[in-house]
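Coordinates from coords-v6.cif are shown below (mmCIF, C-alpha atoms, pLDDT in the B column; chains and numbers go by the auth columns).
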```cif
data_work
#
loop_
_atom_site.group_PDB
_atom_site.id
_atom_site.type_symbol
_atom_site.label_atom_id
_atom_site.label_comp_id
_atom_site.label_asym_id
_atom_site.label_seq_id
_atom_site.Cartn_x
_atom_site.Cartn_y
_atom_site.Cartn_z
_atom_site.B_iso_or_equiv
_atom_site.auth_seq_id
_atom_site.auth_asym_id
ATOM 1 C CA MET A 1 -20.655 -19.847 -3.339 63.00 1 Y
ATOM 2 C CA PRO A 2 -17.469 -20.882 -5.111 70.00 2 Y
ATOM 3 C CA GLY A 3 -15.779 -23.828 -3.450 74.00 3 Y
ATOM 4 C CA TYR A 4 -12.408 -23.231 -1.791 83.00 4 Y
ATOM 5 C CA TYR A 5 -12.769 -19.436 -2.044 90.00 5 Y
ATOM 6 C CA ASP A 6 -15.738 -19.474 0.342 91.00 6 Y
ATOM 7 C CA ARG A 7 -13.138 -19.540 3.157 93.00 7 Y
ATOM 8 C CA TYR A 8 -12.297 -15.963 2.201 96.00 8 Y
ATOM 9 C CA ILE A 9 -15.701 -14.712 1.071 95.00 9 Y
ATOM 10 C CA ASN A 10 -17.335 -15.824 4.335 96.00 10 Y
ATOM 11 C CA LEU A 11 -14.931 -13.619 6.322 97.00 11 Y
ATOM 12 C CA VAL A 12 -16.405 -10.476 4.766 97.00 12 Y
ATOM 13 C CA ASP A 13 -19.405 -8.759 6.348 96.00 13 Y
ATOM 14 C CA ASP A 14 -22.668 -8.967 4.396 96.00 14 Y
ATOM 15 C CA ILE A 15 -22.270 -5.524 2.829 97.00 15 Y
ATOM 16 C CA GLU A 16 -21.905 -3.981 -0.613 97.00 16 Y
ATOM 17 C CA ILE A 17 -18.608 -4.733 -2.336 98.00 17 Y
ATOM 18 C CA LEU A 18 -17.460 -1.095 -2.390 98.00 18 Y
ATOM 19 C CA ASP A 19 -18.137 -0.823 1.347 98.00 19 Y
ATOM 20 C CA ALA A 20 -16.143 -4.028 1.869 98.00 20 Y
ATOM 21 C CA PHE A 21 -13.194 -2.547 -0.034 98.00 21 Y
ATOM 22 C CA GLU A 22 -13.450 0.649 2.022 98.00 22 Y
ATOM 23 C CA GLN A 23 -13.451 -1.323 5.291 98.00 23 Y
ATOM 24 C CA SER A 24 -10.391 -3.247 4.130 98.00 24 Y
ATOM 25 C CA ILE A 25 -8.550 0.007 3.403 98.00 25 Y
ATOM 26 C CA GLN A 26 -9.417 1.197 6.912 98.00 26 Y
ATOM 27 C CA GLN A 27 -8.055 -2.076 8.315 97.00 27 Y
ATOM 28 C CA ILE A 28 -4.731 -1.376 6.607 98.00 28 Y
ATOM 29 C CA ASP A 29 -4.691 2.126 8.114 97.00 29 Y
ATOM 30 C CA GLN A 30 -5.375 0.705 11.593 96.00 30 Y
ATOM 31 C CA ILE A 31 -2.430 -1.688 11.640 96.00 31 Y
ATOM 32 C CA ASP A 32 -0.136 -1.170 14.614 95.00 32 Y
ATOM 33 C CA ILE A 33 3.139 -0.977 12.716 95.00 33 Y
ATOM 34 C CA GLU A 34 5.194 -0.761 15.922 95.00 34 Y
ATOM 35 C CA GLN A 35 3.813 -4.115 17.064 94.00 35 Y
ATOM 36 C CA LEU A 36 4.637 -5.721 13.736 95.00 36 Y
ATOM 37 C CA LEU A 37 8.119 -4.217 13.746 95.00 37 Y
ATOM 38 C CA GLN A 38 8.753 -5.875 17.112 94.00 38 Y
ATOM 39 C CA LEU A 39 8.145 -9.233 15.451 93.00 39 Y
ATOM 40 C CA GLY A 40 10.907 -8.625 12.933 91.00 40 Y
ATOM 41 C CA ASP A 41 11.499 -11.843 11.015 92.00 41 Y
ATOM 42 C CA HIS A 42 10.095 -14.125 13.713 92.00 42 Y
ATOM 43 C CA VAL A 43 7.654 -16.793 12.566 93.00 43 Y
ATOM 44 C CA TYR A 44 5.250 -18.840 14.664 93.00 44 Y
ATOM 45 C CA ALA A 45 6.440 -22.160 13.193 94.00 45 Y
ATOM 46 C CA PRO A 46 9.198 -23.431 10.903 93.00 46 Y
ATOM 47 C CA GLU A 47 8.647 -22.833 7.190 92.00 47 Y
ATOM 48 C CA LYS A 48 6.080 -20.060 7.818 95.00 48 Y
ATOM 49 C CA TRP A 49 6.337 -16.634 6.253 96.00 49 Y
ATOM 50 C CA THR A 50 7.558 -13.484 7.959 95.00 50 Y
ATOM 51 C CA ILE A 51 5.203 -10.525 8.352 96.00 51 Y
ATOM 52 C CA LYS A 52 6.815 -8.858 5.347 96.00 52 Y
ATOM 53 C CA GLN A 53 6.328 -11.999 3.267 96.00 53 Y
ATOM 54 C CA ILE A 54 2.676 -12.185 4.298 97.00 54 Y
ATOM 55 C CA ILE A 55 2.050 -8.577 3.277 97.00 55 Y
ATOM 56 C CA GLN A 56 3.846 -9.147 -0.038 98.00 56 Y
ATOM 57 C CA HIS A 57 1.770 -12.299 -0.570 97.00 57 Y
ATOM 58 C CA VAL A 58 -1.463 -10.324 -0.121 98.00 58 Y
ATOM 59 C CA ILE A 59 -0.188 -7.731 -2.612 98.00 59 Y
ATOM 60 C CA ASP A 60 0.882 -10.333 -5.179 97.00 60 Y
ATOM 61 C CA THR A 61 -2.334 -12.312 -4.860 97.00 61 Y
ATOM 62 C CA GLU A 62 -4.457 -9.197 -5.234 97.00 62 Y
ATOM 63 C CA ARG A 63 -2.623 -8.272 -8.417 97.00 63 Y
ATOM 64 C CA ILE A 64 -3.195 -11.748 -9.804 95.00 64 Y
ATOM 65 C CA PHE A 65 -6.869 -11.662 -8.792 95.00 65 Y
ATOM 66 C CA THR A 66 -7.403 -8.235 -10.357 97.00 66 Y
ATOM 67 C CA GLU A 67 -5.957 -9.498 -13.630 95.00 67 Y
ATOM 68 C CA ARG A 68 -8.341 -12.448 -13.517 95.00 68 Y
ATOM 69 C CA THR A 69 -11.239 -10.187 -12.559 96.00 69 Y
ATOM 70 C CA THR A 70 -10.493 -7.928 -15.527 96.00 70 Y
ATOM 71 C CA ARG A 71 -10.556 -10.948 -17.847 95.00 71 Y
ATOM 72 C CA PHE A 72 -13.896 -12.076 -16.411 96.00 72 Y
ATOM 73 C CA ALA A 73 -15.350 -8.571 -16.674 97.00 73 Y
ATOM 74 C CA ARG A 74 -14.218 -8.227 -20.291 97.00 74 Y
ATOM 75 C CA GLN A 75 -15.291 -11.796 -21.096 95.00 75 Y
ATOM 76 C CA ASP A 76 -12.185 -12.797 -23.025 92.00 76 Y
ATOM 77 C CA GLY A 77 -12.729 -16.473 -22.172 86.00 77 Y
ATOM 78 C CA VAL A 78 -9.101 -17.104 -21.218 87.00 78 Y
ATOM 79 C CA THR A 79 -8.589 -19.459 -18.291 84.00 79 Y
ATOM 80 C CA PRO A 80 -5.788 -17.993 -16.177 85.00 80 Y
ATOM 81 C CA GLN A 81 -2.979 -20.214 -14.995 85.00 81 Y
ATOM 82 C CA GLY A 82 -2.426 -20.925 -11.328 86.00 82 Y
ATOM 83 C CA PHE A 83 0.549 -19.639 -9.379 89.00 83 Y
ATOM 84 C CA ASP A 84 2.777 -21.091 -6.700 91.00 84 Y
ATOM 85 C CA GLU A 85 2.413 -18.817 -3.676 92.00 85 Y
ATOM 86 C CA ASN A 86 5.479 -20.309 -1.979 91.00 86 Y
ATOM 87 C CA LEU A 87 7.622 -19.752 -5.062 93.00 87 Y
ATOM 88 C CA PHE A 88 6.370 -16.171 -5.186 92.00 88 Y
ATOM 89 C CA ALA A 89 7.240 -15.698 -1.489 92.00 89 Y
ATOM 90 C CA ASP A 90 10.693 -17.216 -1.950 90.00 90 Y
ATOM 91 C CA ASN A 91 11.428 -14.881 -4.856 93.00 91 Y
ATOM 92 C CA ALA A 92 9.841 -11.703 -3.484 92.00 92 Y
ATOM 93 C CA LYS A 93 13.055 -10.670 -1.694 92.00 93 Y
ATOM 94 C CA VAL A 94 11.302 -8.487 0.860 95.00 94 Y
ATOM 95 C CA ASN A 95 14.237 -8.156 3.268 92.00 95 Y
ATOM 96 C CA HIS A 96 15.373 -4.900 1.665 94.00 96 Y
ATOM 97 C CA ARG A 97 11.866 -3.431 2.017 95.00 97 Y
ATOM 98 C CA THR A 98 10.497 -1.630 5.015 96.00 98 Y
ATOM 99 C CA LEU A 99 7.236 -2.730 6.530 96.00 99 Y
ATOM 100 C CA GLU A 100 5.916 0.779 5.938 97.00 100 Y
ATOM 101 C CA SER A 101 6.692 0.560 2.199 97.00 101 Y
ATOM 102 C CA LEU A 102 4.916 -2.781 1.940 97.00 102 Y
ATOM 103 C CA LEU A 103 1.824 -1.481 3.727 98.00 103 Y
ATOM 104 C CA LYS A 104 1.824 1.618 1.525 98.00 104 Y
ATOM 105 C CA GLU A 105 1.941 -0.619 -1.556 98.00 105 Y
ATOM 106 C CA LEU A 106 -0.812 -2.844 -0.164 98.00 106 Y
ATOM 107 C CA LYS A 107 -3.042 0.181 0.391 98.00 107 Y
ATOM 108 C CA SER A 108 -2.327 1.468 -3.125 98.00 108 Y
ATOM 109 C CA VAL A 109 -3.140 -1.897 -4.686 98.00 109 Y
ATOM 110 C CA ARG A 110 -6.330 -2.159 -2.622 98.00 110 Y
ATOM 111 C CA MET A 111 -7.413 1.347 -3.616 98.00 111 Y
ATOM 112 C CA ALA A 112 -6.799 0.481 -7.276 98.00 112 Y
ATOM 113 C CA SER A 113 -8.931 -2.657 -6.882 98.00 113 Y
ATOM 114 C CA LYS A 114 -11.708 -0.598 -5.331 98.00 114 Y
ATOM 115 C CA ALA A 115 -11.503 1.889 -8.208 98.00 115 Y
ATOM 116 C CA MET A 116 -11.766 -0.976 -10.703 98.00 116 Y
ATOM 117 C CA PHE A 117 -14.948 -2.210 -9.002 98.00 117 Y
ATOM 118 C CA GLU A 118 -16.371 1.321 -8.960 98.00 118 Y
ATOM 119 C CA GLY A 119 -16.226 1.178 -12.763 97.00 119 Y
ATOM 120 C CA PHE A 120 -18.246 -2.028 -13.098 98.00 120 Y
ATOM 121 C CA ASP A 121 -21.952 -1.808 -13.853 97.00 121 Y
ATOM 122 C CA ASP A 122 -24.582 -4.262 -12.576 96.00 122 Y
ATOM 123 C CA GLU A 123 -24.245 -6.498 -15.635 97.00 123 Y
ATOM 124 C CA THR A 124 -20.452 -6.664 -15.550 98.00 124 Y
ATOM 125 C CA ILE A 125 -20.352 -7.531 -11.846 98.00 125 Y
ATOM 126 C CA GLN A 126 -22.239 -10.745 -12.696 97.00 126 Y
ATOM 127 C CA HIS A 127 -19.893 -11.871 -15.485 97.00 127 Y
ATOM 128 C CA SER A 128 -17.894 -14.932 -14.582 95.00 128 Y
ATOM 129 C CA GLY A 129 -14.827 -16.883 -15.512 93.00 129 Y
ATOM 130 C CA ASN A 130 -12.665 -19.765 -14.412 90.00 130 Y
ATOM 131 C CA ASN A 131 -10.515 -18.834 -11.427 86.00 131 Y
ATOM 132 C CA TYR A 132 -8.147 -21.781 -11.364 78.00 132 Y
ATOM 133 C CA ASN A 133 -10.718 -24.549 -11.706 81.00 133 Y
ATOM 134 C CA THR A 134 -13.510 -22.645 -9.960 87.00 134 Y
ATOM 135 C CA GLU A 135 -16.211 -20.712 -11.803 91.00 135 Y
ATOM 136 C CA MET A 136 -16.478 -17.301 -10.159 94.00 136 Y
ATOM 137 C CA SER A 137 -18.281 -14.052 -10.805 96.00 137 Y
ATOM 138 C CA VAL A 138 -16.580 -10.689 -10.862 97.00 138 Y
ATOM 139 C CA LEU A 139 -18.424 -9.910 -7.622 98.00 139 Y
ATOM 140 C CA ALA A 140 -17.159 -13.102 -5.954 96.00 140 Y
ATOM 141 C CA MET A 141 -13.615 -12.186 -6.985 96.00 141 Y
ATOM 142 C CA GLY A 142 -13.985 -8.842 -5.210 98.00 142 Y
ATOM 143 C CA PHE A 143 -15.174 -10.457 -2.001 98.00 143 Y
ATOM 144 C CA THR A 144 -12.368 -13.003 -2.306 97.00 144 Y
ATOM 145 C CA MET A 145 -9.777 -10.214 -2.470 98.00 145 Y
ATOM 146 C CA VAL A 146 -11.199 -8.519 0.613 98.00 146 Y
ATOM 147 C CA GLY A 147 -11.557 -11.817 2.486 98.00 147 Y
ATOM 148 C CA HIS A 148 -8.028 -12.893 1.583 98.00 148 Y
ATOM 149 C CA GLN A 149 -6.655 -9.825 3.355 98.00 149 Y
ATOM 150 C CA ILE A 150 -8.906 -10.482 6.375 98.00 150 Y
ATOM 151 C CA HIS A 151 -7.668 -14.096 6.458 98.00 151 Y
ATOM 152 C CA HIS A 152 -4.018 -13.059 6.592 97.00 152 Y
ATOM 153 C CA PHE A 153 -4.605 -10.231 9.057 98.00 153 Y
ATOM 154 C CA ASN A 154 -6.355 -12.801 11.283 98.00 154 Y
ATOM 155 C CA ILE A 155 -3.316 -15.076 11.056 97.00 155 Y
ATOM 156 C CA ILE A 156 -1.064 -12.190 12.059 97.00 156 Y
ATOM 157 C CA ARG A 157 -3.314 -11.361 15.018 96.00 157 Y
ATOM 158 C CA GLU A 158 -3.872 -14.965 16.158 96.00 158 Y
ATOM 159 C CA ARG A 159 -0.488 -16.588 15.485 96.00 159 Y
ATOM 160 C CA TYR A 160 2.152 -13.870 15.269 95.00 160 Y
ATOM 161 C CA LEU A 161 1.161 -11.235 17.814 94.00 161 Y
ATOM 162 C CA PRO A 162 1.077 -13.797 20.658 93.00 162 Y
ATOM 163 C CA LEU A 163 4.833 -14.238 20.031 92.00 163 Y
ATOM 164 C CA LEU A 164 5.262 -10.788 21.585 91.00 164 Y
ATOM 165 C CA GLN A 165 3.918 -12.161 24.889 86.00 165 Y
ATOM 166 C CA ASN A 166 6.795 -14.621 25.220 66.00 166 Y
#
```
Written as structure tokens, that's how I'd like the structure from this file.
Amino acid sequence: MPGYYDRYINLVDDIEILDAFEQSIQQIDQIDIEQLLQLGDHVYAPEKWTIKQIIQHVIDTERIFTERTTRFARQDGVTPQGFDENLFADNAKVNHRTLESLLKELKSVRMASKAMFEGFDDETIQHSGNNYNTEMSVLAMGFTMVGHQIHHFNIIRERYLPLLQN
């Protein structure tokens, strides 16, 4: 289990990776958009991201992780650079976007990730590379992507939705 990323991987049910991707797509489809729209730009604490910023963060991170996963699968040996998630969030400029457009993009990105994993054979899924100072297999990267979405959806449910009760 790769250190640090186990916090995401452990959130995913013990199922096949393609089933995990499919469940995550269903979770996107089940989001109560009306509830999230009621939150608007409210945050649960100072310096925290808005719902739109969280969704954009999941999209951006998935794109970065799929690029890394492709490198690991193709065994090019390049160690990808890290990224500053707060800098990304600050520069994402999501205010002009609708929540619906962000969720549509998230679903598209997730479906593309699933399609990428459908193309991997048993040997490729075991290839590994350095994911920002952590050796990870292609398979572990897939579970990290799914778990990362679960993590942020949990934060929305546990920290943001209670704001609607006040």
Exercise. Rank nothing, just name the residue among Y:Leu87, Y:Ile156, Y:Val78, Y:Leu164 nearest to Y:Gly129, using all atoms listed in the file.
Key: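 Smallest distance to Y:Gly129 is found for Y:Val78.
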task: Within 12 Å of Y:Val109, counting all atoms listed in the file, which residues show up once you throw out same-chain ones fewer than 4 positions away? Write them as a ChimeraX atom specification, please.
output: /Y:21,24-25,28,55-56,58-66,102-105,113-116,145-146,149
Could you take the residues named above and write them with C-alpha atoms, as a PDB file, in the coordinates of the input?
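Below is the file part.pdb, written as the result:
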```pdb
ATOM      1  CA  PHE Y  21     -13.194  -2.547  -0.034  1.00 98.00           C
ATOM      2  CA  SER Y  24     -10.391  -3.247   4.130  1.00 98.00           C
ATOM      3  CA  ILE Y  25      -8.550   0.007   3.403  1.00 98.00           C
ATOM      4  CA  ILE Y  28      -4.731  -1.376   6.607  1.00 98.00           C
ATOM      5  CA  ILE Y  55       2.050  -8.577   3.277  1.00 97.00           C
ATOM      6  CA  GLN Y  56       3.846  -9.147  -0.038  1.00 98.00           C
ATOM      7  CA  VAL Y  58      -1.463 -10.324  -0.121  1.00 98.00           C
ATOM      8  CA  ILE Y  59      -0.188  -7.731  -2.612  1.00 98.00           C
ATOM      9  CA  ASP Y  60       0.882 -10.333  -5.179  1.00 97.00           C
ATOM     10  CA  THR Y  61      -2.334 -12.312  -4.860  1.00 97.00           C
ATOM     11  CA  GLU Y  62      -4.457  -9.197  -5.234  1.00 97.00           C
ATOM     12  CA  ARG Y  63      -2.623  -8.272  -8.417  1.00 97.00           C
ATOM     13  CA  ILE Y  64      -3.195 -11.748  -9.804  1.00 95.00           C
ATOM     14  CA  PHE Y  65      -6.869 -11.662  -8.792  1.00 95.00           C
ATOM     15  CA  THR Y  66      -7.403  -8.235 -10.357  1.00 97.00           C
ATOM     16  CA  LEU Y 102       4.916  -2.781   1.940  1.00 97.00           C
ATOM     17  CA  LEU Y 103       1.824  -1.481   3.727  1.00 98.00           C
ATOM     18  CA  LYS Y 104       1.824   1.618   1.525  1.00 98.00           C
ATOM     19  CA  GLU Y 105       1.941  -0.619  -1.556  1.00 98.00           C
ATOM     20  CA  SER Y 113      -8.931  -2.657  -6.882  1.00 98.00           C
ATOM     21  CA  LYS Y 114     -11.708  -0.598  -5.331  1.00 98.00           C
ATOM     22  CA  ALA Y 115     -11.503   1.889  -8.208  1.00 98.00           C
ATOM     23  CA  MET Y 116     -11.766  -0.976 -10.703  1.00 98.00           C
ATOM     24  CA  MET Y 145      -9.777 -10.214  -2.470  1.00 98.00           C
ATOM     25  CA  VAL Y 146     -11.199  -8.519   0.613  1.00 98.00           C
ATOM     26  CA  GLN Y 149      -6.655  -9.825   3.355  1.00 98.00           C
TER      27      GLN Y 149
END
```
request  = Name the residues that the PyMOL selection byres ((chain Y and resi 9) around 6) picks from the file above, as a count of residues only, using the file's chain letters and numbers.
outcome  = 9
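The shortest atom-to-atom distance to Y:Gln30, with all atoms listed in the file taken into account, belongs to Y:Lys107 out of Y:His127, Y:Thr50, Y:Lys107, Y:Arg74.
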In Å and to one decimal, atom CA of Y:Ser108 is distant from atom CA of Y:Asp32 by 18.1 Å
Here's the selection I'm unsure about, the PyMOL selection byres ((chain Y and resi 48) around 12); applied to the file above, which residues does it give, as an mmCIF file with C-alpha atoms, in the frame of the given file?
```cif
data_model
loop_
_atom_site.group_PDB
_atom_site.id
_atom_site.type_symbol
_atom_site.label_atom_id
_atom_site.label_comp_id
_atom_site.auth_asym_id
_atom_site.auth_seq_id
_atom_site.Cartn_x
_atom_site.Cartn_y
_atom_site.Cartn_z
ATOM 1 C CA ASP Y 41 11.499 -11.843 11.015
ATOM 2 C CA HIS Y 42 10.095 -14.125 13.713
ATOM 3 C CA VAL Y 43 7.654 -16.793 12.566
ATOM 4 C CA TYR Y 44 5.250 -18.840 14.664
ATOM 5 C CA ALA Y 45 6.440 -22.160 13.193
ATOM 6 C CA PRO Y 46 9.198 -23.431 10.903
ATOM 7 C CA GLU Y 47 8.647 -22.833 7.190
ATOM 8 C CA TRP Y 49 6.337 -16.634 6.253
ATOM 9 C CA THR Y 50 7.558 -13.484 7.959
ATOM 10 C CA ILE Y 51 5.203 -10.525 8.352
ATOM 11 C CA LYS Y 52 6.815 -8.858 5.347
ATOM 12 C CA GLN Y 53 6.328 -11.999 3.267
ATOM 13 C CA ILE Y 54 2.676 -12.185 4.298
ATOM 14 C CA ASN Y 86 5.479 -20.309 -1.979
ATOM 15 C CA ALA Y 89 7.240 -15.698 -1.489
ATOM 16 C CA ASP Y 90 10.693 -17.216 -1.950
ATOM 17 C CA ILE Y 155 -3.316 -15.076 11.056
ATOM 18 C CA ILE Y 156 -1.064 -12.190 12.059
ATOM 19 C CA ARG Y 159 -0.488 -16.588 15.485
ATOM 20 C CA TYR Y 160 2.152 -13.870 15.269
#
```
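Distance annotation: of Y:Glu22, Y:Glu158, Y:Glu34, Y:Asp84, the residue with the minimal separation from Y:Gly142 is Y:Glu22; atom set is only C-alpha atoms.
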For Y:Asp122, the closest of Y:Ala73, Y:Phe83, Y:Ile33, Y:Thr98 counting all atoms listed in the file is Y:Ala73
Atom CA of Y:Gln126 to atom CA of Y:Phe72 measures 9.2 Å
From atom CA of Y:Gln81 to atom CA of Y:Tyr132 the spacing works out at 6.5 Å
Would you give the centre and edge lengths, in Å to one decimal, of a box along x, y and z around the listed atoms of stretch 85-96 of chain Y, with 5 Å added to each side, as AutoDock Vina command-line options?
```
--center_x 8.9 --center_y -12.6 --center_z -1.0 --size_x 23.0 --size_y 25.4 --size_z 18.5
```
From the list Y:Thr79, Y:Ala140, Y:Ala112, Y:Ile150, the nearest residue to Y:Tyr5 using all atoms listed in the file is Y:Ala140
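Restricting the calculation to all atoms listed in the file, the smallest distance between Y:Thr70 and any of Y:Pro2, Y:Pro162, Y:Gly119, Y:Gly82 is found for Y:Gly119.
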